[in-house]
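*Asks:* Have a peek at data_25.tsv (TSV, C-alpha atoms).
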chain	number	residue	atom	x	y	z
A	400	MET	CA	65.27	68.40	124.27
A	401	ILE	CA	68.46	66.76	125.56
A	402	PRO	CA	70.53	65.47	122.62
A	403	LYS	CA	71.14	61.74	122.50
A	404	ILE	CA	74.48	62.20	120.83
A	405	ASN	CA	77.52	64.33	121.60
A	406	PRO	CA	77.08	67.33	119.22
A	407	ARG	CA	80.79	67.51	118.50
A	408	TYR	CA	80.93	63.82	117.73
A	409	LEU	CA	78.00	64.28	115.33
A	410	PHE	CA	79.78	67.21	113.65
A	411	LEU	CA	82.97	65.19	113.21
A	412	ALA	CA	81.08	62.16	111.92
A	413	LEU	CA	79.18	64.24	109.35
A	414	ASN	CA	82.48	65.65	108.10
A	415	SER	CA	84.18	62.26	107.87
A	416	PRO	CA	84.92	60.61	104.50
A	417	GLN	CA	82.37	57.87	105.26
A	418	LEU	CA	79.48	60.31	105.73
A	419	LYS	CA	80.59	62.62	102.93
A	420	HIS	CA	80.42	59.64	100.57
A	421	GLN	CA	76.86	58.91	101.74
A	422	ILE	CA	75.87	62.55	101.34
A	423	ASP	CA	77.39	62.80	97.85
A	424	SER	CA	75.47	59.67	96.86
A	425	SER	CA	72.19	61.13	98.11
A	426	VAL	CA	72.24	64.63	96.60
A	427	VAL	CA	70.03	65.31	93.61
A	428	GLY	CA	70.18	67.95	90.88
A	429	SER	CA	72.99	69.05	88.60
A	430	THR	CA	72.77	72.85	88.59
A	431	GLN	CA	71.71	73.28	92.22
A	432	LYS	CA	72.35	70.20	94.31
A	433	THR	CA	69.96	69.47	97.17
A	434	LEU	CA	69.74	66.96	99.99
A	435	SER	CA	66.26	65.97	101.12
A	436	LEU	CA	65.20	65.62	104.73
A	437	LYS	CA	64.49	61.95	104.05
A	438	ALA	CA	68.05	61.46	102.79
A	439	ILE	CA	69.41	63.20	105.87
A	440	SER	CA	67.34	61.00	108.19
A	441	ASN	CA	68.63	57.90	106.38
A	442	LEU	CA	72.31	58.74	106.86
A	443	GLU	CA	74.03	55.89	108.68
A	444	ILE	CA	76.06	57.52	111.43
A	445	PRO	CA	78.48	55.17	113.25
A	446	ARG	CA	77.36	54.81	116.86
A	447	PHE	CA	79.30	53.68	119.94
A	448	ASP	CA	78.76	53.86	123.67
A	449	ARG	CA	78.76	57.41	125.09
A	450	GLN	CA	82.29	57.09	126.53
A	451	THR	CA	83.74	56.18	123.12
A	452	GLU	CA	81.83	58.94	121.33
A	453	ASP	CA	82.95	61.47	123.93
A	454	PHE	CA	86.55	60.33	123.51
A	455	ILE	CA	86.37	60.71	119.72
A	456	ALA	CA	84.80	64.15	120.13
A	457	ASP	CA	87.47	65.25	122.61
A	458	ALA	CA	90.49	63.76	120.81
A	459	CYS	CA	89.65	65.04	117.31
A	460	GLY	CA	88.00	68.16	118.69
A	461	GLN	CA	91.19	69.16	120.49
A	462	LEU	CA	93.10	68.81	117.21
A	463	ASP	CA	90.51	71.05	115.54
A	464	ASP	CA	90.81	73.58	118.36
A	465	LYS	CA	94.59	73.73	117.99
A	466	ILE	CA	94.28	74.14	114.22
A	467	GLN	CA	91.85	77.01	114.74
A	468	LEU	CA	94.11	78.60	117.37
A	469	ASN	CA	97.07	78.43	114.98
A	470	HIS	CA	94.94	80.13	112.32
A	471	GLN	CA	94.02	82.91	114.74
A	472	ILE	CA	97.68	83.35	115.74
A	473	ASN	CA	98.65	83.63	112.07
A	474	GLN	CA	95.96	86.24	111.51
A	475	THR	CA	97.40	88.22	114.42
A	476	LEU	CA	100.97	87.91	113.11
A	477	GLU	CA	99.82	89.14	109.70
A	478	GLN	CA	97.95	92.06	111.26
A	479	ILE	CA	101.06	93.04	113.21
A	480	ALA	CA	103.23	93.03	110.07
A	481	GLN	CA	100.63	95.04	108.16
A	482	ALA	CA	100.30	97.52	111.04
A	483	ILE	CA	104.07	98.07	111.22
A	484	PHE	CA	104.28	98.64	107.45
A	485	LYS	CA	101.35	101.08	107.53
A	486	SER	CA	102.71	102.98	110.55
A	487	TRP	CA	106.24	103.31	109.15
A	488	PHE	CA	105.73	103.73	105.42
A	489	VAL	CA	102.14	104.88	104.84
A	490	ASP	CA	101.10	106.96	107.86
A	491	LEU	CA	104.75	107.94	108.57
A	492	GLU	CA	104.04	108.00	112.30
A	493	PRO	CA	107.68	108.00	113.50
A	494	VAL	CA	108.56	110.80	111.06
A	495	LYS	CA	105.51	112.85	112.05
A	496	ALA	CA	106.27	112.30	115.74
A	497	LYS	CA	109.77	113.75	115.28
A	498	ILE	CA	108.50	116.70	113.27
A	499	ALA	CA	105.74	117.52	115.76
A	500	THR	CA	108.21	117.47	118.67
A	501	LEU	CA	110.68	119.76	116.91
A	502	GLU	CA	107.95	122.16	115.78
A	503	ALA	CA	106.76	122.39	119.39
A	504	GLY	CA	110.26	123.51	120.41
A	505	GLY	CA	111.51	120.13	121.56
A	506	SER	CA	115.07	118.88	121.29
A	507	GLU	CA	116.52	116.29	118.93
A	508	GLU	CA	116.58	113.87	121.86
A	509	GLY	CA	112.92	114.61	122.52
A	510	ALA	CA	112.13	113.99	118.86
A	511	LEU	CA	113.94	110.66	119.04
A	512	LEU	CA	111.95	109.78	122.16
A	513	ALA	CA	108.71	110.61	120.35
A	514	ALA	CA	109.68	108.39	117.43
A	515	MET	CA	110.56	105.57	119.81
A	516	GLN	CA	107.13	105.92	121.35
A	517	ALA	CA	105.46	105.81	117.93
A	518	ILE	CA	107.46	102.74	116.89
A	519	SER	CA	106.83	100.83	120.10
A	520	GLY	CA	103.11	100.86	119.39
A	521	THR	CA	102.26	101.33	123.06
A	522	SER	CA	101.89	104.68	124.72
A	523	LEU	CA	104.64	105.59	127.12
A	524	LEU	CA	102.45	108.39	128.45
A	525	ASP	CA	99.64	107.98	130.94
A	526	ALA	CA	96.51	110.01	130.29
A	527	ASP	CA	97.73	112.85	132.48
A	528	ALA	CA	101.45	112.20	132.36
A	529	SER	CA	104.16	114.51	131.07
A	530	ALA	CA	107.06	113.97	128.72
A	531	THR	CA	109.15	113.48	131.84
A	532	GLY	CA	107.03	110.44	132.70
A	533	ALA	CA	107.67	109.01	129.25
A	534	SER	CA	111.40	109.55	129.71
A	535	GLU	CA	111.26	107.72	133.01
A	536	LYS	CA	109.49	104.76	131.42
A	537	LEU	CA	112.06	104.62	128.65
A	538	ALA	CA	114.78	104.80	131.29
A	539	ARG	CA	113.26	101.78	133.02
A	540	LEU	CA	113.11	99.96	129.69
A	541	GLN	CA	116.77	100.79	129.17
A	542	ALA	CA	117.63	99.44	132.63
A	543	ASP	CA	115.44	96.32	132.51
A	544	GLN	CA	115.75	95.39	128.83
A	545	PRO	CA	118.82	97.17	127.45
A	546	GLU	CA	118.96	95.18	124.19
A	547	GLN	CA	115.33	95.93	123.37
A	548	TYR	CA	115.88	99.60	124.23
A	549	ALA	CA	118.98	99.78	122.01
A	550	GLU	CA	117.10	98.20	119.08
A	551	LEU	CA	114.20	100.61	119.55
A	552	ARG	CA	116.52	103.61	119.65
A	553	ALA	CA	118.51	102.43	116.61
A	554	THR	CA	115.29	101.97	114.64
A	555	ALA	CA	114.03	105.45	115.62
A	556	GLU	CA	117.29	106.99	114.44
A	557	LEU	CA	116.63	105.66	110.92
A	558	PHE	CA	113.58	107.89	110.46
A	559	PRO	CA	114.03	111.45	109.13
A	560	SER	CA	112.82	114.45	111.12
A	561	ALA	CA	111.79	116.59	108.13
A	562	MET	CA	109.92	116.39	104.82
A	563	GLN	CA	111.01	117.33	101.31
A	564	ASP	CA	109.22	118.05	98.04
A	565	SER	CA	109.07	115.43	95.29
A	566	GLU	CA	107.17	114.74	92.09
A	567	LEU	CA	104.72	112.69	94.19
A	568	GLY	CA	104.29	115.41	96.81
A	569	GLU	CA	105.97	115.74	100.19
A	570	ILE	CA	108.00	112.74	101.28
A	571	PRO	CA	110.38	112.15	104.21
A	572	GLU	CA	113.77	113.78	103.79
A	573	GLY	CA	116.34	111.48	102.23
A	574	TRP	CA	113.73	109.10	100.78
A	575	GLY	CA	113.36	108.84	97.02
A	576	ILE	CA	110.98	108.08	94.16
A	577	THR	CA	111.84	104.70	92.67
A	578	ARG	CA	110.56	102.44	89.91
A	579	THR	CA	110.11	98.75	90.71
A	580	GLU	CA	112.60	97.80	88.01
A	581	GLU	CA	115.36	99.76	89.78
A	582	LEU	CA	115.01	97.51	92.86
A	583	SER	CA	114.56	94.24	91.01
A	584	GLU	CA	116.90	91.51	89.90
A	585	LYS	CA	114.29	90.10	87.54
A	586	ILE	CA	110.67	90.58	86.52
A	587	ALA	CA	109.24	87.92	84.23
A	588	MET	CA	106.08	86.18	83.05
A	589	GLY	CA	104.78	82.65	83.27
A	590	PRO	CA	105.06	80.36	80.22
A	591	PHE	CA	102.62	80.21	77.31
A	592	GLY	CA	99.67	77.99	78.14
A	593	SER	CA	100.70	75.42	75.55
A	594	ASN	CA	103.93	74.79	77.48
A	595	ILE	CA	102.10	73.41	80.52
A	596	LYS	CA	99.19	71.07	79.85
A	597	VAL	CA	97.44	68.34	81.81
A	598	SER	CA	99.27	65.79	79.68
A	599	THR	CA	102.61	67.11	81.01
A	600	PHE	CA	101.71	66.59	84.68
A	601	VAL	CA	103.56	63.97	86.71
A	602	SER	CA	103.10	62.60	90.21
A	603	CYS	CA	106.12	64.42	91.63
A	604	GLY	CA	108.76	66.85	90.45
A	605	VAL	CA	108.71	70.65	90.27
A	606	PRO	CA	105.42	72.13	91.56
A	607	ILE	CA	103.37	74.60	89.50
A	608	ILE	CA	102.11	77.79	91.15
A	609	SER	CA	98.61	78.93	90.21
A	610	GLY	CA	96.10	81.36	91.69
A	611	GLN	CA	94.87	78.85	94.28
A	612	HIS	CA	98.29	79.02	95.96
A	613	LEU	CA	98.28	82.84	96.20
A	614	LYS	CA	95.33	83.51	98.49
A	615	GLU	CA	97.46	84.59	101.44
A	616	THR	CA	100.60	86.65	102.10
A	617	LEU	CA	102.71	83.49	101.94
A	618	LEU	CA	102.54	80.94	99.15
A	619	SER	CA	100.39	77.96	100.07
A	620	ASP	CA	101.87	74.53	99.26
A	621	ARG	CA	98.67	72.57	98.80
A	622	ASN	CA	97.11	70.60	95.93
A	623	ASN	CA	100.12	71.10	93.70
A	624	LYS	CA	100.44	69.83	90.16
A	625	PHE	CA	103.95	68.84	89.07
A	626	ILE	CA	106.09	68.73	85.94
A	627	THR	CA	109.40	66.95	85.50
A	628	GLU	CA	112.73	68.54	86.37
A	629	GLU	CA	113.67	68.46	82.68
A	630	HIS	CA	110.45	70.22	81.69
A	631	ALA	CA	111.06	72.87	84.37
A	632	ASP	CA	114.59	73.37	83.03
A	633	ARG	CA	113.14	74.19	79.60
A	634	LEU	CA	110.90	76.80	81.26
A	635	ARG	CA	113.75	78.31	83.27
A	636	ASN	CA	112.57	81.89	82.64
A	637	SER	CA	109.41	81.00	84.58
A	638	ASN	CA	111.24	79.25	87.43
A	639	VAL	CA	110.80	80.91	90.82
A	640	TYR	CA	112.45	80.35	94.17
A	641	PRO	CA	112.08	81.19	97.88
A	642	GLY	CA	112.20	84.96	98.28
A	643	ASP	CA	110.41	85.65	94.97
A	644	ILE	CA	107.11	87.58	94.94
A	645	ILE	CA	104.36	86.12	92.73
A	646	PHE	CA	101.51	88.12	91.17
A	647	THR	CA	98.40	87.12	89.21
A	648	HIS	CA	97.77	89.10	86.01
A	649	ALA	CA	94.66	87.28	84.71
A	650	GLY	CA	91.66	85.94	86.57
A	651	THR	CA	91.95	86.82	90.25
A	652	ILE	CA	94.08	89.88	89.56
A	653	GLY	CA	95.75	91.63	92.49
A	654	GLN	CA	97.00	88.46	94.16
A	655	VAL	CA	100.46	89.01	95.69
A	656	SER	CA	102.30	86.31	97.65
A	657	LEU	CA	105.85	85.60	98.78
A	658	ILE	CA	107.52	82.21	98.49
A	659	PRO	CA	108.89	81.90	102.04
A	660	GLU	CA	112.44	80.80	102.78
A	661	GLU	CA	110.92	77.80	104.59
A	662	ALA	CA	108.89	76.74	101.52
A	663	GLU	CA	108.30	73.03	101.01
A	664	TYR	CA	110.12	73.05	97.67
A	665	SER	CA	113.34	74.71	96.52
A	666	ARG	CA	112.03	75.50	93.02
A	667	TYR	CA	108.67	76.19	91.40
A	668	VAL	CA	107.27	77.08	87.97
A	669	ILE	CA	104.57	79.73	87.71
A	670	SER	CA	101.55	79.16	85.47
A	671	GLN	CA	100.58	81.27	82.47
A	672	ARG	CA	98.42	83.62	84.59
A	673	GLN	CA	101.23	84.58	86.96
A	674	PHE	CA	104.30	86.81	86.80
A	675	TYR	CA	106.97	87.47	89.39
A	676	LEU	CA	109.36	89.94	90.95
A	677	ARG	CA	112.78	88.89	92.19
A	678	VAL	CA	113.99	91.69	94.43
A	679	ASP	CA	117.63	92.75	94.33
A	680	LYS	CA	118.47	92.18	97.97
A	681	LYS	CA	121.42	94.56	97.74
A	682	LYS	CA	119.01	97.39	97.03
A	683	ALA	CA	115.73	96.56	98.73
A	684	SER	CA	113.84	94.31	101.12
A	685	PRO	CA	111.62	91.58	99.61
A	686	ASN	CA	109.20	91.94	102.51
A	687	PHE	CA	108.97	95.70	102.01
A	688	MET	CA	108.04	95.12	98.36
A	689	LEU	CA	105.62	92.35	99.36
A	690	TYR	CA	103.71	94.51	101.82
A	691	PHE	CA	103.83	97.53	99.56
A	692	PHE	CA	102.07	95.67	96.73
A	693	ARG	CA	99.57	94.21	99.21
A	694	SER	CA	98.82	97.68	100.61
A	695	TYR	CA	95.96	99.87	99.39
A	696	LEU	CA	98.30	102.13	97.40
A	697	GLY	CA	100.28	99.20	95.99
A	698	GLN	CA	97.10	97.46	94.85
A	699	HIS	CA	95.83	100.70	93.30
A	700	LEU	CA	99.03	101.13	91.31
A	701	LEU	CA	99.20	97.43	90.36
A	702	LEU	CA	95.62	97.40	89.05
A	703	ALA	CA	95.81	100.80	87.34
A	704	ASN	CA	96.42	99.01	84.03
A	705	ALA	CA	93.70	96.40	84.54
A	706	SER	CA	90.72	95.60	82.32
A	707	GLN	CA	87.51	94.03	83.63
A	708	VAL	CA	86.19	93.16	80.15
A	709	GLY	CA	85.88	89.39	79.81
A	710	VAL	CA	88.48	87.73	82.03
A	711	PRO	CA	89.90	90.41	84.38
A	712	SER	CA	93.51	91.05	83.40
A	713	ILE	CA	96.44	93.43	83.74
A	714	ALA	CA	97.69	94.65	80.36
A	715	ARG	CA	101.42	94.22	79.70
A	716	PRO	CA	101.91	93.04	83.31
A	717	SER	CA	105.70	92.77	83.47
A	718	SER	CA	106.39	96.14	81.80
A	719	HIS	CA	103.63	97.73	83.89
A	720	LEU	CA	105.17	96.40	87.11
A	721	LYS	CA	108.63	97.57	86.09
A	722	ASN	CA	107.42	101.15	85.62
A	723	ILE	CA	105.39	101.54	88.83
A	724	GLU	CA	106.79	104.46	90.85
A	725	PHE	CA	106.60	104.67	94.62
A	726	VAL	CA	108.24	106.31	97.61
A	727	SER	CA	111.30	104.35	98.67
A	728	PRO	CA	112.78	104.67	102.18
A	729	SER	CA	116.44	104.17	102.96
A	730	PHE	CA	117.89	100.69	102.44
A	731	GLU	CA	118.78	100.55	106.17
A	732	LEU	CA	115.17	101.17	107.15
A	733	MET	CA	113.96	98.57	104.66
A	734	GLN	CA	116.38	96.08	106.19
A	735	CYS	CA	115.05	96.88	109.64
A	736	PHE	CA	111.52	96.13	108.45
A	737	GLU	CA	112.79	92.97	106.73
A	738	THR	CA	114.23	91.67	110.00
A	739	ILE	CA	111.07	92.31	112.00
A	740	SER	CA	108.61	91.06	109.38
A	741	LYS	CA	110.73	88.02	108.54
A	742	SER	CA	110.54	86.91	112.16
A	743	LEU	CA	106.75	87.27	112.10
A	744	LEU	CA	106.43	85.40	108.80
A	745	SER	CA	108.71	82.59	110.03
A	746	MET	CA	106.43	82.13	113.03
A	747	ALA	CA	103.46	82.06	110.66
A	748	VAL	CA	105.09	79.33	108.57
A	749	SER	CA	105.73	77.28	111.72
A	750	MET	CA	102.09	77.64	112.80
A	751	ARG	CA	100.86	76.69	109.33
A	752	ASN	CA	103.14	73.65	109.15
A	753	GLU	CA	101.92	72.48	112.54
A	754	SER	CA	98.31	72.91	111.43
A	755	GLN	CA	98.97	70.83	108.32
A	756	ARG	CA	100.50	68.09	110.48
A	757	LEU	CA	97.54	68.22	112.88
A	758	THR	CA	95.07	68.12	110.00
A	759	ALA	CA	96.77	65.05	108.55
A	760	LEU	CA	96.74	63.42	112.00
A	761	ARG	CA	93.02	64.16	112.48
A	762	ASP	CA	92.13	62.95	108.98
A	763	ALA	CA	94.03	59.70	109.57
A	764	LEU	CA	92.67	59.16	113.08
A	765	LEU	CA	88.96	59.91	112.60
A	766	PRO	CA	88.12	57.23	109.98
A	767	LYS	CA	89.92	54.59	112.05
A	768	LEU	CA	87.96	55.56	115.15
A	769	LEU	CA	84.62	55.67	113.34
A	770	SER	CA	85.24	52.27	111.71
A	771	GLY	CA	86.24	50.72	115.04
A	772	GLU	CA	89.68	49.90	113.69
A	773	LEU	CA	91.23	51.81	116.62
A	774	SER	CA	90.16	51.33	120.21
A	775	ILE	CA	90.48	54.12	122.80
A	776	PRO	CA	93.76	52.72	124.24
A	777	ASP	CA	95.18	52.30	120.72
A	778	ALA	CA	94.11	55.82	119.80
A	779	GLU	CA	95.74	57.25	122.93
A	780	THR	CA	98.99	55.48	121.99
A	781	TYR	CA	98.65	56.71	118.40
A	782	LEU	CA	98.26	60.32	119.56
A	783	ALA	CA	101.14	60.06	122.05
A	784	GLU	CA	103.50	58.66	119.40
A	785	ALA	CA	102.48	61.37	116.94
A	786	GLU	CA	103.14	64.07	119.54
A	787	GLU	CA	106.53	62.56	120.39
A	788	THR	CA	107.50	62.46	116.72
A	789	ALA	CA	106.48	66.10	116.28
A	790	ASN	CA	108.66	67.15	119.22
A	791	VAL	CA	111.78	65.38	117.96
Take the structure I supplied and represent it as structure tokens, if you would.

*Replies:*
Amino acid sequence: MIPKINPRYLFLALNSPQLKHQIDSSVVGSTQKTLSLKAISNLEIPRFDRQTEDFIADACGQLDDKIQLNHQINQTLEQIAQAIFKSWFVDLEPVKAKIATLEAGGSEEGALLAAMQAISGTSLLDADASATGASEKLARLQADQPEQYAELRATAELFPSAMQDSELGEIPEGWGITRTEELSEKIAMGPFGSNIKVSTFVSCGVPIISGQHLKETLLSDRNNKFITEEHADRLRNSNVYPGDIIFTHAGTIGQVSLIPEEAEYSRYVISQRQFYLRVDKKKASPNFMLYFFRSYLGQHLLLANASQVGVPSIARPSSHLKNIEFVSPSFELMQCFETISKSLLSMAVSMRNESQRLTALRDALLPKLLSGELSIPDAETYLAEAEETANV
């Protein structure tokens, strides 16, 4: 049966505030809400001529498509950062590549070449090629993109070519066993619950970070509650800033997020269920610590002191975090990872900010189109002006 309405227009209309209000008014039940077929058939969907409905579907649909594309790009950026961390610091691929080359009788230069290949993430060898072929490809990279080649070589030189014994087993030569506290400037808890109550909330001020803002690698600035600047000053031990890493110790334990440098606010206050790590940037990379505690091993160590009885929680969270031991690479290698991952995360912030702008634009545009407040020519002007403003 050929539909009488543009399916995308119908989808957008059903998700509009007007229709959501109708749906909310028609649901029955308190424990398990239901919507009857009769109620669905009685929904009053705004109708226009096919040209207008197609325009609404295309205009708002294109915004939705771009939002979805940005989300997919961000997922890819996150996967790249995770893959680099795992390759360098978990699987030790560059180190193992050097060791394997030397054990096979290769030279130091050959070991460096192998590490460069491991770091690049793309094979320099064809299925039946020789090491000579790889050298030729690197030579072409050096000739065509000398800066990229130099960066790749400098990164490869930072990885050891041997292992050493440690209390945690074999680790790369020159790396150490470190406690979190040794690389931190500060580790502290959120305030007592009585210090932040609904009655203390204001319409604007210093935002409060809770678990809902820690669902991704980067802090999410959405649906914030606020307290006054003066109130935040009194809770200064629970004030956090861009570059700080926030953890959840009760409720959704295991959450780990970074406040990005491009965060919407310059200061935050964490809630009673959070605690934080401020990395000493003279000793370590914040992004290294972020991805370590989001890794399988980092999560295992973080939750080793957790209880699932009642509300899931981490016992003595700040002291537990301070005493977690892990393998620490050289500061220079951490800084190299910081530079690469920071670029990826900055791109992710840009994509997310654009998606928020597009979402706001769609949410403002759709009700006006469905109510007839905006005509097609007016909507086209509205979209063009919004795009021009975004490009300024």

*Asks:* So which residues touch segment 750-763 of chain A within 8 Å, counting all atoms listed in the file, skipping near sequence neighbours fewer than 6 positions away, as a ChimeraX atom specification?

*Replies:* /A:459,462-463,465-466,469-470,472-473,785

*Asks:* Could you write those residues out with C-alpha atoms, as a tab-separated table (two decimals), keeping the file's coordinate frame?

*Replies:*
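Result file out.tsv:
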chain	number	residue	atom	x	y	z
A	459	CYS	CA	89.65	65.04	117.31
A	462	LEU	CA	93.10	68.81	117.21
A	463	ASP	CA	90.51	71.05	115.54
A	465	LYS	CA	94.59	73.73	117.99
A	466	ILE	CA	94.28	74.14	114.22
A	469	ASN	CA	97.07	78.43	114.98
A	470	HIS	CA	94.94	80.13	112.32
A	472	ILE	CA	97.68	83.35	115.74
A	473	ASN	CA	98.65	83.63	112.07
A	785	ALA	CA	102.48	61.37	116.94

*Asks:* Interatomic distance between atom CA of Asn638 of chain A and atom CA of Asn594 of chain A?

*Replies:*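 One can read the atom CA of Asn638 of chain A to atom CA of Asn594 of chain A distance as 13.1 Å.
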
*Asks:* For Ala778 of chain A, which residue among A:Ala458, A:Leu613, A:Ala747, A:Leu413 is the nearest when counting all atoms listed in the file?

*Replies:*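 The closest residue to Ala778 of chain A is A:Ala458.
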
*Asks:* Any idea what the distance is between atom CA of Pro766 of chain A and atom CA of Asn414 of chain A?

*Replies:*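 According to the coordinates, atom CA of Pro766 of chain A and atom CA of Asn414 of chain A are separated by 10.3 Å.
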
*Asks:* Measuring atom to atom with all atoms listed in the file, identify which of A:Ser717, A:Thr451, A:Thr627, A:Ser684 is nearest to Phe646 of chain A.

*Replies:* A:Ser717

*Asks:* What separation in Å, quoted to one decimal, exists between atom CA of Asp643 of chain A and atom CA of Tyr675 of chain A?

*Replies:* 6.8 Å

*Asks:* For Asn441 of chain A, which of A:Ser602, A:Ser424, A:Asn722, A:Gln481 is the closest residue, counting all atoms listed in the file?

*Replies:*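 Among the listed residues, A:Ser424 lies closest to Asn441 of chain A.
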
*Asks:* Tell me which of A:Val726, A:Ala438, A:Leu491, A:Ala631 sits closest to Ser425 of chain A, counting only C-alpha atoms.

*Replies:*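 For Ser425 of chain A, the nearest of the given residues is A:Ala438.
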
*Asks:* For Gln450 of chain A, which of A:Ile479, A:Ile404, A:Ile586, A:Val427 is the closest residue, counting all atoms listed in the file?

*Replies:* A:Ile404

*Asks:* Emit segment 699-715 of chain A of the structure in the block as a file comprising N, CA, C and O atoms, as a PDB file, in the first residue's frame.

*Replies:*
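selection-v3.pdb, freshly written:
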ATOM      1  N   HIS A 699      39.270  -2.639  36.045  1.00  0.00           N
ATOM      2  CA  HIS A 699      39.433  -3.743  36.987  1.00  0.00           C
ATOM      3  C   HIS A 699      40.064  -3.250  38.293  1.00  0.00           C
ATOM      4  O   HIS A 699      39.591  -3.584  39.382  1.00  0.00           O
ATOM      5  N   LEU A 700      41.106  -2.452  38.162  1.00  0.00           N
ATOM      6  CA  LEU A 700      41.775  -1.929  39.355  1.00  0.00           C
ATOM      7  C   LEU A 700      40.892  -0.939  40.105  1.00  0.00           C
ATOM      8  O   LEU A 700      40.840  -0.934  41.337  1.00  0.00           O
ATOM      9  N   LEU A 701      40.168  -0.096  39.366  1.00  0.00           N
ATOM     10  CA  LEU A 701      39.306   0.917  39.980  1.00  0.00           C
ATOM     11  C   LEU A 701      38.176   0.275  40.777  1.00  0.00           C
ATOM     12  O   LEU A 701      37.812   0.752  41.855  1.00  0.00           O
ATOM     13  N   LEU A 702      37.628  -0.827  40.246  1.00  0.00           N
ATOM     14  CA  LEU A 702      36.472  -1.465  40.869  1.00  0.00           C
ATOM     15  C   LEU A 702      36.859  -2.609  41.803  1.00  0.00           C
ATOM     16  O   LEU A 702      35.982  -3.310  42.329  1.00  0.00           O
ATOM     17  N   ALA A 703      38.163  -2.790  42.017  1.00  0.00           N
ATOM     18  CA  ALA A 703      38.624  -3.877  42.894  1.00  0.00           C
ATOM     19  C   ALA A 703      38.151  -3.680  44.326  1.00  0.00           C
ATOM     20  O   ALA A 703      38.058  -4.640  45.085  1.00  0.00           O
ATOM     21  N   ASN A 704      37.836  -2.464  44.703  1.00  0.00           N
ATOM     22  CA  ASN A 704      37.408  -2.162  46.076  1.00  0.00           C
ATOM     23  C   ASN A 704      35.920  -1.845  46.130  1.00  0.00           C
ATOM     24  O   ASN A 704      35.450  -1.146  47.031  1.00  0.00           O
ATOM     25  N   ALA A 705      35.177  -2.385  45.148  1.00  0.00           N
ATOM     26  CA  ALA A 705      33.751  -2.053  45.032  1.00  0.00           C
ATOM     27  C   ALA A 705      32.880  -3.076  45.752  1.00  0.00           C
ATOM     28  O   ALA A 705      33.239  -4.249  45.890  1.00  0.00           O
ATOM     29  N   SER A 706      31.733  -2.618  46.200  1.00  0.00           N
ATOM     30  CA  SER A 706      30.720  -3.470  46.819  1.00  0.00           C
ATOM     31  C   SER A 706      29.427  -3.332  46.027  1.00  0.00           C
ATOM     32  O   SER A 706      29.040  -2.221  45.642  1.00  0.00           O
ATOM     33  N   GLN A 707      28.769  -4.463  45.763  1.00  0.00           N
ATOM     34  CA  GLN A 707      27.505  -4.443  45.024  1.00  0.00           C
ATOM     35  C   GLN A 707      26.307  -4.594  45.955  1.00  0.00           C
ATOM     36  O   GLN A 707      25.177  -4.731  45.506  1.00  0.00           O
ATOM     37  N   VAL A 708      26.552  -4.599  47.269  1.00  0.00           N
ATOM     38  CA  VAL A 708      25.464  -4.713  48.240  1.00  0.00           C
ATOM     39  C   VAL A 708      24.754  -3.370  48.358  1.00  0.00           C
ATOM     40  O   VAL A 708      25.391  -2.342  48.618  1.00  0.00           O
ATOM     41  N   GLY A 709      23.430  -3.386  48.171  1.00  0.00           N
ATOM     42  CA  GLY A 709      22.685  -2.128  48.203  1.00  0.00           C
ATOM     43  C   GLY A 709      23.052  -1.276  46.993  1.00  0.00           C
ATOM     44  O   GLY A 709      23.084  -1.757  45.865  1.00  0.00           O
ATOM     45  N   VAL A 710      23.365  -0.026  47.224  1.00  0.00           N
ATOM     46  CA  VAL A 710      23.804   0.860  46.142  1.00  0.00           C
ATOM     47  C   VAL A 710      25.265   0.526  45.819  1.00  0.00           C
ATOM     48  O   VAL A 710      26.116   0.559  46.709  1.00  0.00           O
ATOM     49  N   PRO A 711      25.577   0.152  44.567  1.00  0.00           N
ATOM     50  CA  PRO A 711      26.968  -0.154  44.220  1.00  0.00           C
ATOM     51  C   PRO A 711      27.876   1.016  44.590  1.00  0.00           C
ATOM     52  O   PRO A 711      27.545   2.180  44.337  1.00  0.00           O
ATOM     53  N   SER A 712      29.010   0.709  45.211  1.00  0.00           N
ATOM     54  CA  SER A 712      29.896   1.788  45.648  1.00  0.00           C
ATOM     55  C   SER A 712      31.332   1.298  45.744  1.00  0.00           C
ATOM     56  O   SER A 712      31.590   0.104  45.878  1.00  0.00           O
ATOM     57  N   ILE A 713      32.262   2.256  45.670  1.00  0.00           N
ATOM     58  CA  ILE A 713      33.681   1.985  45.859  1.00  0.00           C
ATOM     59  C   ILE A 713      34.043   2.452  47.265  1.00  0.00           C
ATOM     60  O   ILE A 713      33.838   3.622  47.608  1.00  0.00           O
ATOM     61  N   ALA A 714      34.559   1.541  48.077  1.00  0.00           N
ATOM     62  CA  ALA A 714      34.920   1.894  49.452  1.00  0.00           C
ATOM     63  C   ALA A 714      36.164   2.773  49.470  1.00  0.00           C
ATOM     64  O   ALA A 714      37.095   2.555  48.702  1.00  0.00           O
ATOM     65  N   ARG A 715      36.144   3.779  50.324  1.00  0.00           N
ATOM     66  CA  ARG A 715      37.273   4.707  50.479  1.00  0.00           C
ATOM     67  C   ARG A 715      37.828   5.117  49.111  1.00  0.00           C
ATOM     68  O   ARG A 715      39.005   4.889  48.802  1.00  0.00           O
TER      69      ARG A 715
END
